Structures are given as C-alpha cells and as structure tokens.
>>> print(open('entry.cif').read())   # mmCIF, C-alpha atoms and all ligand atoms
data_coords
#
loop_
_atom_site.group_PDB
_atom_site.id
_atom_site.type_symbol
_atom_site.label_atom_id
_atom_site.label_comp_id
_atom_site.auth_asym_id
_atom_site.auth_seq_id
_atom_site.Cartn_x
_atom_site.Cartn_y
_atom_site.Cartn_z
ATOM 1 C CA MET A 1 141.776 115.272 59.760
ATOM 2 C CA ILE A 2 139.654 115.839 62.902
ATOM 3 C CA TRP A 3 137.172 113.360 64.265
ATOM 4 C CA ALA A 4 135.296 113.947 67.524
ATOM 5 C CA ASP A 5 132.723 111.502 68.823
ATOM 6 C CA ASN A 6 130.701 112.511 71.867
ATOM 7 C CA LEU A 7 133.707 114.492 72.945
ATOM 8 C CA GLY A 8 133.601 116.077 76.363
ATOM 9 C CA VAL A 9 135.922 117.553 78.913
ATOM 10 C CA THR A 10 135.640 118.587 82.524
ATOM 11 C CA TYR A 11 138.500 120.670 83.936
ATOM 12 C CA PRO A 12 140.333 119.279 86.978
ATOM 13 C CA ASP A 13 138.519 121.805 89.205
ATOM 14 C CA GLY A 14 135.195 120.247 88.156
ATOM 15 C CA THR A 15 134.137 122.855 85.573
ATOM 16 C CA PRO A 16 132.362 121.100 82.685
ATOM 17 C CA ALA A 17 133.534 122.797 79.489
ATOM 18 C CA LEU A 18 132.440 120.560 76.590
ATOM 19 C CA HIS A 19 129.905 117.781 76.306
ATOM 20 C CA GLY A 20 128.677 115.433 73.572
ATOM 21 C CA VAL A 21 130.504 117.134 70.707
ATOM 22 C CA THR A 22 130.430 115.034 67.547
ATOM 23 C CA LEU A 23 131.971 116.407 64.396
ATOM 24 C CA ARG A 24 134.236 115.630 61.522
ATOM 25 C CA ILE A 25 136.502 118.061 59.715
ATOM 26 C CA THR A 26 138.053 116.789 56.504
ATOM 27 C CA PRO A 27 141.455 117.854 55.188
ATOM 28 C CA GLY A 28 141.364 121.191 53.396
ATOM 29 C CA GLU A 29 138.188 122.465 55.046
ATOM 30 C CA PHE A 30 137.841 126.015 56.379
ATOM 31 C CA VAL A 31 135.681 126.060 59.494
ATOM 32 C CA PHE A 32 134.609 128.825 61.838
ATOM 33 C CA LEU A 33 133.958 128.135 65.499
ATOM 34 C CA VAL A 34 131.613 130.640 67.081
ATOM 35 C CA GLY A 35 129.678 131.020 70.320
ATOM 36 C CA PRO A 36 129.476 133.325 73.301
ATOM 37 C CA SER A 37 132.319 133.804 75.733
ATOM 38 C CA GLY A 38 132.673 130.696 77.913
ATOM 39 C CA ALA A 39 131.027 128.433 75.299
ATOM 40 C CA GLY A 40 134.094 126.209 75.038
ATOM 41 C CA LYS A 41 135.842 127.444 71.868
ATOM 42 C CA THR A 42 139.306 127.754 73.389
ATOM 43 C CA THR A 43 138.821 124.468 75.223
ATOM 44 C CA LEU A 44 138.085 122.681 71.935
ATOM 45 C CA LEU A 45 141.202 124.180 70.318
ATOM 46 C CA LYS A 46 143.293 123.066 73.302
ATOM 47 C CA LEU A 47 141.953 119.525 72.946
ATOM 48 C CA LEU A 48 142.888 119.568 69.261
ATOM 49 C CA LEU A 49 146.403 120.695 70.099
ATOM 50 C CA GLY A 50 146.772 118.099 72.848
ATOM 51 C CA ILE A 51 147.222 120.688 75.621
ATOM 52 C CA LEU A 52 144.148 119.163 77.267
ATOM 53 C CA ARG A 53 142.919 115.541 77.255
ATOM 54 C CA PRO A 54 139.279 114.573 76.677
ATOM 55 C CA THR A 55 137.479 113.181 79.720
ATOM 56 C CA GLU A 56 134.525 111.869 77.679
ATOM 57 C CA GLY A 57 134.118 110.386 74.220
ATOM 58 C CA SER A 58 136.922 110.291 71.697
ATOM 59 C CA LEU A 59 138.991 112.595 69.538
ATOM 60 C CA THR A 60 141.447 111.889 66.757
ATOM 61 C CA VAL A 61 143.516 114.549 65.024
ATOM 62 C CA GLY A 62 145.577 113.585 61.994
ATOM 63 C CA GLY A 63 145.081 109.936 62.952
ATOM 64 C CA LEU A 64 146.354 110.460 66.500
ATOM 65 C CA ASP A 65 144.179 109.362 69.441
ATOM 66 C CA MET A 66 144.134 112.509 71.573
ATOM 67 C CA LYS A 67 142.927 110.634 74.632
ATOM 68 C CA HIS A 68 146.107 108.593 74.909
ATOM 69 C CA PRO A 69 148.600 110.170 72.510
ATOM 70 C CA ALA A 70 152.117 108.790 72.503
ATOM 71 C CA GLY A 71 154.681 111.525 73.164
ATOM 72 C CA ALA A 72 156.310 111.036 69.754
ATOM 73 C CA GLY A 73 152.926 111.144 68.035
ATOM 74 C CA LEU A 74 152.041 114.393 69.761
ATOM 75 C CA ARG A 75 155.358 116.025 68.871
ATOM 76 C CA ASN A 76 154.903 114.918 65.296
ATOM 77 C CA LEU A 77 151.357 116.317 65.201
ATOM 78 C CA ARG A 78 152.446 119.652 66.638
ATOM 79 C CA ARG A 79 155.031 120.026 63.905
ATOM 80 C CA ARG A 80 152.166 119.930 61.439
ATOM 81 C CA VAL A 81 149.980 122.406 63.314
ATOM 82 C CA GLY A 82 150.177 126.182 63.320
ATOM 83 C CA ALA A 83 148.542 127.491 66.475
ATOM 84 C CA VAL A 84 147.581 131.120 67.006
ATOM 85 C CA PHE A 85 146.359 131.444 70.565
ATOM 86 C CA GLN A 86 145.458 134.503 72.593
ATOM 87 C CA ASP A 87 148.460 134.230 74.864
ATOM 88 C CA PHE A 88 150.843 134.516 71.930
ATOM 89 C CA ARG A 89 153.876 133.061 73.714
ATOM 90 C CA LEU A 90 156.111 135.559 71.982
ATOM 91 C CA ILE A 91 159.432 136.530 73.497
ATOM 92 C CA LYS A 92 160.283 140.025 74.647
ATOM 93 C CA GLY A 93 163.728 141.368 73.889
ATOM 94 C CA ARG A 94 163.753 139.501 70.573
ATOM 95 C CA THR A 95 162.914 141.021 67.219
ATOM 96 C CA ALA A 96 159.759 140.215 65.270
ATOM 97 C CA LEU A 97 161.873 138.140 62.868
ATOM 98 C CA GLU A 98 163.541 136.192 65.686
ATOM 99 C CA ASN A 99 160.154 135.451 67.213
ATOM 100 C CA VAL A 100 158.882 134.006 63.953
ATOM 101 C CA ALA A 101 162.106 132.048 63.390
ATOM 102 C CA LEU A 102 161.919 130.517 66.878
ATOM 103 C CA GLY A 103 158.755 128.709 65.819
ATOM 104 C CA LEU A 104 160.706 127.007 63.026
ATOM 105 C CA TRP A 105 163.734 125.602 64.850
ATOM 106 C CA VAL A 106 161.827 122.475 65.902
ATOM 107 C CA LEU A 107 161.259 121.650 62.225
ATOM 108 C CA ASP A 108 164.984 120.956 61.686
ATOM 109 C CA LEU A 109 165.252 123.237 58.662
ATOM 110 C CA PRO A 110 168.496 124.834 57.464
ATOM 111 C CA GLY A 111 169.087 128.306 58.937
ATOM 112 C CA ALA A 112 168.823 129.998 55.541
ATOM 113 C CA VAL A 113 165.400 128.448 54.924
ATOM 114 C CA ILE A 114 164.249 129.522 58.377
ATOM 115 C CA ARG A 115 165.322 133.132 57.771
ATOM 116 C CA GLU A 116 163.756 133.199 54.312
ATOM 117 C CA ARG A 117 160.437 131.725 55.428
ATOM 118 C CA SER A 118 160.283 133.968 58.505
ATOM 119 C CA ALA A 119 160.880 137.108 56.475
ATOM 120 C CA ALA A 120 158.280 136.062 53.891
ATOM 121 C CA ALA A 121 155.689 135.373 56.603
ATOM 122 C CA LEU A 122 156.238 138.783 58.202
ATOM 123 C CA GLU A 123 155.906 140.340 54.768
ATOM 124 C CA ALA A 124 152.618 138.471 54.268
ATOM 125 C CA VAL A 125 151.113 139.866 57.471
ATOM 126 C CA GLY A 126 152.197 143.388 56.527
ATOM 127 C CA LEU A 127 155.108 143.638 58.965
ATOM 128 C CA GLY A 128 157.985 143.357 56.527
ATOM 129 C CA ALA A 129 159.238 146.794 57.498
ATOM 130 C CA LYS A 130 159.231 145.899 61.200
ATOM 131 C CA SER A 131 161.079 142.596 61.105
ATOM 132 C CA GLN A 132 164.050 143.998 63.040
ATOM 133 C CA VAL A 133 161.928 145.784 65.629
ATOM 134 C CA ARG A 134 161.889 144.381 69.140
ATOM 135 C CA LEU A 135 158.679 142.713 70.166
ATOM 136 C CA GLU A 136 157.801 145.004 73.069
ATOM 137 C CA THR A 137 157.903 148.081 70.860
ATOM 138 C CA LEU A 138 155.166 146.668 68.618
ATOM 139 C CA SER A 139 151.504 147.383 69.307
ATOM 140 C CA TRP A 140 149.256 144.602 70.557
ATOM 141 C CA GLY A 141 147.702 144.206 67.118
ATOM 142 C CA GLU A 142 151.151 143.965 65.535
ATOM 143 C CA GLN A 143 152.222 141.363 68.080
ATOM 144 C CA GLN A 144 149.112 139.405 67.168
ATOM 145 C CA ARG A 145 150.224 139.474 63.541
ATOM 146 C CA VAL A 146 153.720 138.307 64.527
ATOM 147 C CA ALA A 147 152.049 135.316 66.184
ATOM 148 C CA LEU A 148 150.138 134.646 62.983
ATOM 149 C CA ALA A 149 153.331 134.986 60.923
ATOM 150 C CA ARG A 150 155.010 132.433 63.201
ATOM 151 C CA ALA A 151 152.192 129.969 62.470
ATOM 152 C CA LEU A 152 152.207 130.692 58.709
ATOM 153 C CA ALA A 153 155.975 130.286 58.424
ATOM 154 C CA ARG A 154 155.679 126.717 59.656
ATOM 155 C CA GLN A 155 153.589 125.918 56.550
ATOM 156 C CA PRO A 156 151.355 123.698 58.661
ATOM 157 C CA ALA A 157 148.783 121.154 57.489
ATOM 158 C CA LEU A 158 146.364 122.459 60.125
ATOM 159 C CA ILE A 159 145.895 125.981 61.459
ATOM 160 C CA LEU A 160 144.143 126.434 64.788
ATOM 161 C CA ALA A 161 143.447 130.102 65.443
ATOM 162 C CA ASP A 162 141.801 131.472 68.575
ATOM 163 C CA GLU A 163 140.257 134.896 67.937
ATOM 164 C CA PRO A 164 142.999 135.873 65.466
ATOM 165 C CA THR A 165 141.185 139.101 64.604
ATOM 166 C CA GLY A 166 140.342 140.140 68.158
ATOM 167 C CA ASN A 167 141.757 143.597 68.910
ATOM 168 C CA LEU A 168 142.530 144.246 65.258
ATOM 169 C CA ASP A 169 140.980 147.116 63.349
ATOM 170 C CA GLN A 170 138.776 146.273 60.378
ATOM 171 C CA GLY A 171 141.529 146.506 57.782
ATOM 172 C CA ALA A 172 143.946 144.320 59.723
ATOM 173 C CA ALA A 173 141.180 141.830 60.520
ATOM 174 C CA ALA A 174 140.276 141.557 56.835
ATOM 175 C CA LEU A 175 143.949 140.962 55.998
ATOM 176 C CA VAL A 176 144.173 138.144 58.548
ATOM 177 C CA MET A 177 141.069 136.491 57.106
ATOM 178 C CA GLU A 178 142.440 136.830 53.578
ATOM 179 C CA LEU A 179 145.652 135.157 54.657
ATOM 180 C CA LEU A 180 143.787 132.278 56.288
ATOM 181 C CA LEU A 181 141.595 131.833 53.211
ATOM 182 C CA ALA A 182 144.683 131.872 50.976
ATOM 183 C CA LEU A 183 146.184 129.106 53.114
ATOM 184 C CA GLN A 184 143.099 127.007 52.611
ATOM 185 C CA GLN A 185 143.469 127.500 48.854
ATOM 186 C CA LYS A 186 146.855 125.837 49.216
ATOM 187 C CA GLY A 187 145.289 122.850 50.958
ATOM 188 C CA THR A 188 145.679 123.776 54.620
ATOM 189 C CA THR A 189 142.871 122.822 57.000
ATOM 190 C CA VAL A 190 141.818 125.905 58.953
ATOM 191 C CA LEU A 191 139.772 126.184 62.146
ATOM 192 C CA VAL A 192 139.127 129.689 63.411
ATOM 193 C CA ALA A 193 137.392 130.574 66.676
ATOM 194 C CA THR A 194 135.972 134.051 66.381
ATOM 195 C CA HIS A 195 133.565 136.646 67.665
ATOM 196 C CA ALA A 196 133.552 138.518 64.360
ATOM 197 C CA LEU A 197 130.147 137.259 63.287
ATOM 198 C CA ALA A 198 129.713 139.733 60.440
ATOM 199 C CA LEU A 199 132.935 138.492 58.879
ATOM 200 C CA VAL A 200 131.810 134.880 59.284
ATOM 201 C CA ARG A 201 128.480 135.493 57.559
ATOM 202 C CA ASP A 202 130.097 137.309 54.644
ATOM 203 C CA LEU A 203 132.509 134.480 53.925
ATOM 204 C CA GLY A 204 129.872 131.748 53.666
ATOM 205 C CA ARG A 205 132.026 128.980 55.149
ATOM 206 C CA ARG A 206 131.079 126.127 57.427
ATOM 207 C CA VAL A 207 130.222 127.371 60.922
ATOM 208 C CA LEU A 208 130.193 125.368 64.147
ATOM 209 C CA THR A 209 128.289 127.036 66.958
ATOM 210 C CA LEU A 210 129.042 126.159 70.554
ATOM 211 C CA GLN A 211 126.812 127.089 73.440
ATOM 212 C CA GLU A 212 127.497 126.120 77.014
ATOM 213 C CA GLY A 213 129.869 123.417 75.878
ATOM 214 C CA ARG A 214 127.531 121.847 73.342
ATOM 215 C CA LEU A 215 127.639 121.924 69.575
ATOM 216 C CA VAL A 216 124.241 123.468 68.861
ATOM 217 C CA GLN A 217 124.699 124.078 65.142
ATOM 218 C CA ASP A 218 126.878 122.811 62.327
ATOM 219 C CA THR A 219 126.037 124.401 58.988
ATOM 220 C CA ALA A 220 127.485 121.361 57.197
ATOM 221 C CA ARG A 221 124.696 119.216 58.620
HETATM 222 N N1 LIG A 301 141.759 126.183 83.062
HETATM 223 C C1 LIG A 301 140.463 126.146 83.354
HETATM 224 N N2 LIG A 301 140.015 125.627 84.523
HETATM 225 C C2 LIG A 301 138.709 125.562 84.806
HETATM 226 N N3 LIG A 301 137.736 126.015 83.993
HETATM 227 C C3 LIG A 301 138.109 126.555 82.825
HETATM 228 C C4 LIG A 301 139.486 126.650 82.432
HETATM 229 N N4 LIG A 301 139.548 127.237 81.207
HETATM 230 C C5 LIG A 301 138.272 127.481 80.837
HETATM 231 N N5 LIG A 301 137.410 127.074 81.809
HETATM 232 C C6 LIG A 301 135.923 127.132 81.736
HETATM 233 O O1 LIG A 301 135.502 126.338 80.653
HETATM 234 C C7 LIG A 301 134.399 126.943 79.989
HETATM 235 C C8 LIG A 301 134.747 127.172 78.525
HETATM 236 O O2 LIG A 301 135.785 128.146 78.456
HETATM 237 P P1 LIG A 301 136.515 128.534 77.099
HETATM 238 O O3 LIG A 301 136.834 127.294 76.369
HETATM 239 O O4 LIG A 301 137.637 129.432 77.456
HETATM 240 O O5 LIG A 301 135.364 129.333 76.323
HETATM 241 P P2 LIG A 301 135.466 130.362 75.102
HETATM 242 O O6 LIG A 301 136.818 130.236 74.494
HETATM 243 O O7 LIG A 301 134.351 129.952 74.187
HETATM 244 O O8 LIG A 301 135.229 131.711 75.671
HETATM 245 C C9 LIG A 301 134.092 128.217 80.774
HETATM 246 O O9 LIG A 301 133.095 127.898 81.708
HETATM 247 C C10 LIG A 301 135.403 128.523 81.443
HETATM 248 O O10 LIG A 301 135.183 129.253 82.632
HETATM 249 MG MG MG A 302 138.239 131.649 74.160
#
>>> encode(input="entry.cif", output="structure tokens")
Amino acid sequence: MIWADNLGVTYPDGTPALHGVTLRITPGEFVFLVGPSGAGKTTLLKLLLGILRPTEGSLTVGGLDMKHPAGAGLRNLRRRVGAVFQDFRLIKGRTALENVALGLWVLDLPGAVIRERSAAALEAVGLGAKSQVRLETLSWGEQQRVALARALARQPALILADEPTGNLDQGAAALVMELLLALQQKGTTVLVATHALALVRDLGRRVLTLQEGRLVQDTAR
C-alpha cells in the first residue's frame, strides 16, 4: 500500500522536514506515527496524500508514484483515502450531516446512498442526534468527530489521521480509537499520527517513531 525508500522532503523555504525515511506499510495494517512536535508527522501524511511532493528518495502509495503523480492517478487515489487533518476543512453555515455528505459527492454515488452513509457515519461517531445542527454551534471536539465521520463515510481503503484524538476527552478519544480499529477489522489500512502515547502502548500495534525528520524506530523491524 505504502512504500517509502530514503524518502525526504525540504520545504520551499529551505526547512528540512524529513530525511532518509524507508518503510513499507502493507494493506490492512494499523500503524501509529509518533514523535515530538516538529518531528515530521504531518509532513509525512501530506506526502502520502500528495499535498506535498518528495524532494529526496521515492514514495509510492497504492501503486502511484508520489514524486510524479499523474493528475488522474492522484484524483483516483484521493477517492480511496479518508483524511482527517487538523485543519478539518469543514464548512460553516452547513449542518453536520451536510458537511459529511460533501465529502461523498466526488464519489459519484446516488443521493440516497450519500444521505444514508452520512447519517450512519455521524451515528458511529456519537453525533447522530446532532446531524441537523449547524457546524459552528458544535464544540471543537464535536467538529473533530464530524471530520472523522466525513472520512469514515467515504469507506476508504486508507485512512490518514493527524492527531484525531487531540483535544478530545478520554471517553471521546477512546471512541475514536475504537472506530479506527473497527475499520482495520474490515480491511482498511490505517495510519494515525498521535501524541497519545499511553493509548498507543495499550493497543500494542506497530509504531513508527519520527525524530527531527528521521525514522528512529519501527516496532515492526
Ligand atoms: N509549510 C511549511 N513550510 C516550512 N516548514 C514547515 C512547513 N510545515 C512544517 N514545517 C516544518 O517541518 C518540520 C516538521 O513539521 P511537521 O511535519 O508539522 O511536524 P509534526 O506534525 O510532527 O509536529 C518542522 O520543522 C516544521 O517547522
Ligand atoms: Mg503535526
């Protein structure tokens, strides 16, 4: 699913963010990405989503060369990815349900399927009762769960989540982790960047540790 070989990236302003990262993630794996702030976690997720291009080494995601991805290939890949980033890109003035549904229009599904899947995803993240509530009246933690519901509703092959439990209380964080683990049970590949180290240890999954842009530990090795 994901293959990085000596992957590195330097931002246009000259900031080196990743260097010499070699790893392989096979379909259906559940992997945590940890490391201190500034270690390069978000940068790696952006490379995987094709928001950023590698400047060193190589990266393939779902068979697509992320160094020189064709536009059609990238669009196709993004249809198969559910991304939960910190800037949620949710839309104010729209309801929770509309925000989730907006993530599905690109998949060319019938309207009824979109509504059904969106409602089910909101239910799954515990926001079933708030589906008709406008985004800006939801708390930050609830908005975060709307973003997760939007990713879940797409039924993606790959989930990329950047600190999906940040700012959530313990109960809500545990729910998010349960949902991600349940997705893996259904065959989804899941990569989660997180600070919640206690949670990571308890779950006993593969952990990639980044430090100053380098992969310093991979528990699968
Ligand atoms: N858009 C950007 N332009 C320049 N430098 C950036 C940009 N985004 C992140 N960085 C730098 O890249 C490094 C890795 O950042 P990031 O991937 O956000 O780390 P993390 O998510 O682990 O906190 C940091 O030194 C950060 O300052
Ligand atoms: Mg980050």
>>> residues_near_ligand(input="entry.cif", ligand="ligand LIG 301 (chain A)", cutoff="8 Å", atoms="only C-alpha atoms and all ligand atoms", output="PyMOL selection string")
chain A and resi 10-18+34-44+162+193+210+212-213
>>> write_last_selection(input="entry.cif", atoms="C-alpha atoms", output="short mmCIF file (atom, residue, chain, number, x, y, z; two decimals), keeping the file's coordinate frame")
data_model
loop_
_atom_site.label_atom_id
_atom_site.label_comp_id
_atom_site.auth_asym_id
_atom_site.auth_seq_id
_atom_site.Cartn_x
_atom_site.Cartn_y
_atom_site.Cartn_z
CA THR A 10 135.64 118.59 82.52
CA TYR A 11 138.50 120.67 83.94
CA PRO A 12 140.33 119.28 86.98
CA ASP A 13 138.52 121.80 89.20
CA GLY A 14 135.20 120.25 88.16
CA THR A 15 134.14 122.86 85.57
CA PRO A 16 132.36 121.10 82.68
CA ALA A 17 133.53 122.80 79.49
CA LEU A 18 132.44 120.56 76.59
CA VAL A 34 131.61 130.64 67.08
CA GLY A 35 129.68 131.02 70.32
CA PRO A 36 129.48 133.32 73.30
CA SER A 37 132.32 133.80 75.73
CA GLY A 38 132.67 130.70 77.91
CA ALA A 39 131.03 128.43 75.30
CA GLY A 40 134.09 126.21 75.04
CA LYS A 41 135.84 127.44 71.87
CA THR A 42 139.31 127.75 73.39
CA THR A 43 138.82 124.47 75.22
CA LEU A 44 138.08 122.68 71.94
CA ASP A 162 141.80 131.47 68.58
CA ALA A 193 137.39 130.57 66.68
CA LEU A 210 129.04 126.16 70.55
CA GLU A 212 127.50 126.12 77.01
CA GLY A 213 129.87 123.42 75.88
#
>>> closest_residue(input="entry.cif", among="A:Ala174, A:Leu90, A:Ile159, A:Leu102", to="Leu138 (chain A)", atoms="all atoms listed in the file")
A:Leu90
>>> residues_around(input="entry.cif", residues="region 50-56 of chain A", least_positions_apart="5", cutoff="6 Å", atoms="all atoms listed in the file", output="mmCIF file with C-alpha atoms, keeping the file's coordinate frame")
data_model
loop_
_atom_site.group_PDB
_atom_site.id
_atom_site.type_symbol
_atom_site.label_atom_id
_atom_site.label_comp_id
_atom_site.auth_asym_id
_atom_site.auth_seq_id
_atom_site.Cartn_x
_atom_site.Cartn_y
_atom_site.Cartn_z
ATOM 1 C CA LEU A 7 133.707 114.492 72.945
ATOM 2 C CA GLY A 8 133.601 116.077 76.363
ATOM 3 C CA VAL A 9 135.922 117.553 78.913
ATOM 4 C CA LYS A 67 142.927 110.634 74.632
#
>>> atom_distance(input="entry.cif", atom1="CA of Arg115 (chain A)", atom2="CA of Leu158 (chain A)")
21.9 Å
>>> atom_distance(input="entry.cif", atom1="CA of Gln143 (chain A)", atom2="CA of Arg75 (chain A)")
25.5 Å
>>> closest_atom_pairs(input="entry.cif", of="region 12-126 of chain A", to="region 176-187 of chain A", cutoff="10 Å", atoms="all atoms listed in the file", output="tab-separated table")
residue	atom	partner	partner_atom	distance
A:Pro27	CA	A:Gly187	CA	7.6
A:Gly28	CA	A:Gly187	CA	4.9
A:Glu29	CA	A:Gln184	CA	7.1
A:Phe30	CA	A:Gln184	CA	6.5
A:Ala124	CA	A:Leu179	CA	7.7
A:Val125	CA	A:Val176	CA	7.2
A:Gly126	CA	A:Val176	CA	9.8
>>> write_last_selection(input="entry.cif", atoms="C-alpha atoms", output="PDB file, keeping the file's coordinate frame")
ATOM      1  CA  PRO A  27     141.455 117.854  55.188  1.00  0.00           C
ATOM      2  CA  GLY A  28     141.364 121.191  53.396  1.00  0.00           C
ATOM      3  CA  GLU A  29     138.188 122.465  55.046  1.00  0.00           C
ATOM      4  CA  PHE A  30     137.841 126.015  56.379  1.00  0.00           C
ATOM      5  CA  ALA A 124     152.618 138.471  54.268  1.00  0.00           C
ATOM      6  CA  VAL A 125     151.113 139.866  57.471  1.00  0.00           C
ATOM      7  CA  GLY A 126     152.197 143.388  56.527  1.00  0.00           C
TER       8      GLY A 126
END
>>> resolve_selection(input="entry.cif", expression="the PyMOL selection byres (((chain A and resi 92-99) around 10) and not hetatm)", output="PyMOL selection string")
chain A and resi 89-91+100-104+114-115+117-122+127-128+130-138+142-143+145-147+149-150
>>> closest_residue(input="entry.cif", among="A:Gly82, A:Gly57, A:Gly73, A:Gly111", to="Arg154 (chain A)", atoms="only C-alpha atoms")
A:Gly82
>>> atom_distance(input="entry.cif", atom1="CA of Val31 (chain A)", atom2="CA of Phe85 (chain A)")
16.3 Å
>>> closest_residue(input="entry.cif", among="A:Gln144, A:Thr188, A:Thr60, A:Ser139", to="Leu160 (chain A)", atoms="all atoms listed in the file")
A:Thr188
>>> resolve_selection(input="entry.cif", expression="the PyMOL selection byres (((chain A and resi 64) around 10) and not hetatm)", output="ChimeraX atom specification")
/A:1-3,50,59-63,65-70,73-74,76-77
>>> resolve_selection(input="entry.cif", expression="the PyMOL selection byres (((chain A and resi 218) around 8) and not hetatm)", output="number ranges by chain")
A: 206-209, 215-217, 219-221
>>> axis_aligned_box(input="entry.cif", around="region 51-69 of chain A", padding_each_side="3 Å", output="JSON")
{"center_x": 141.4, "center_y": 114.6, "center_z": 70.9, "size_x": 20.5, "size_y": 18.1, "size_z": 23.7}
>>> residues_around(input="entry.cif", residues="Glu163 (chain A)", least_positions_apart="5", cutoff="9 Å", atoms="all atoms listed in the file", output="MDAnalysis selection string")
chainID A and resid 84:86 192:196
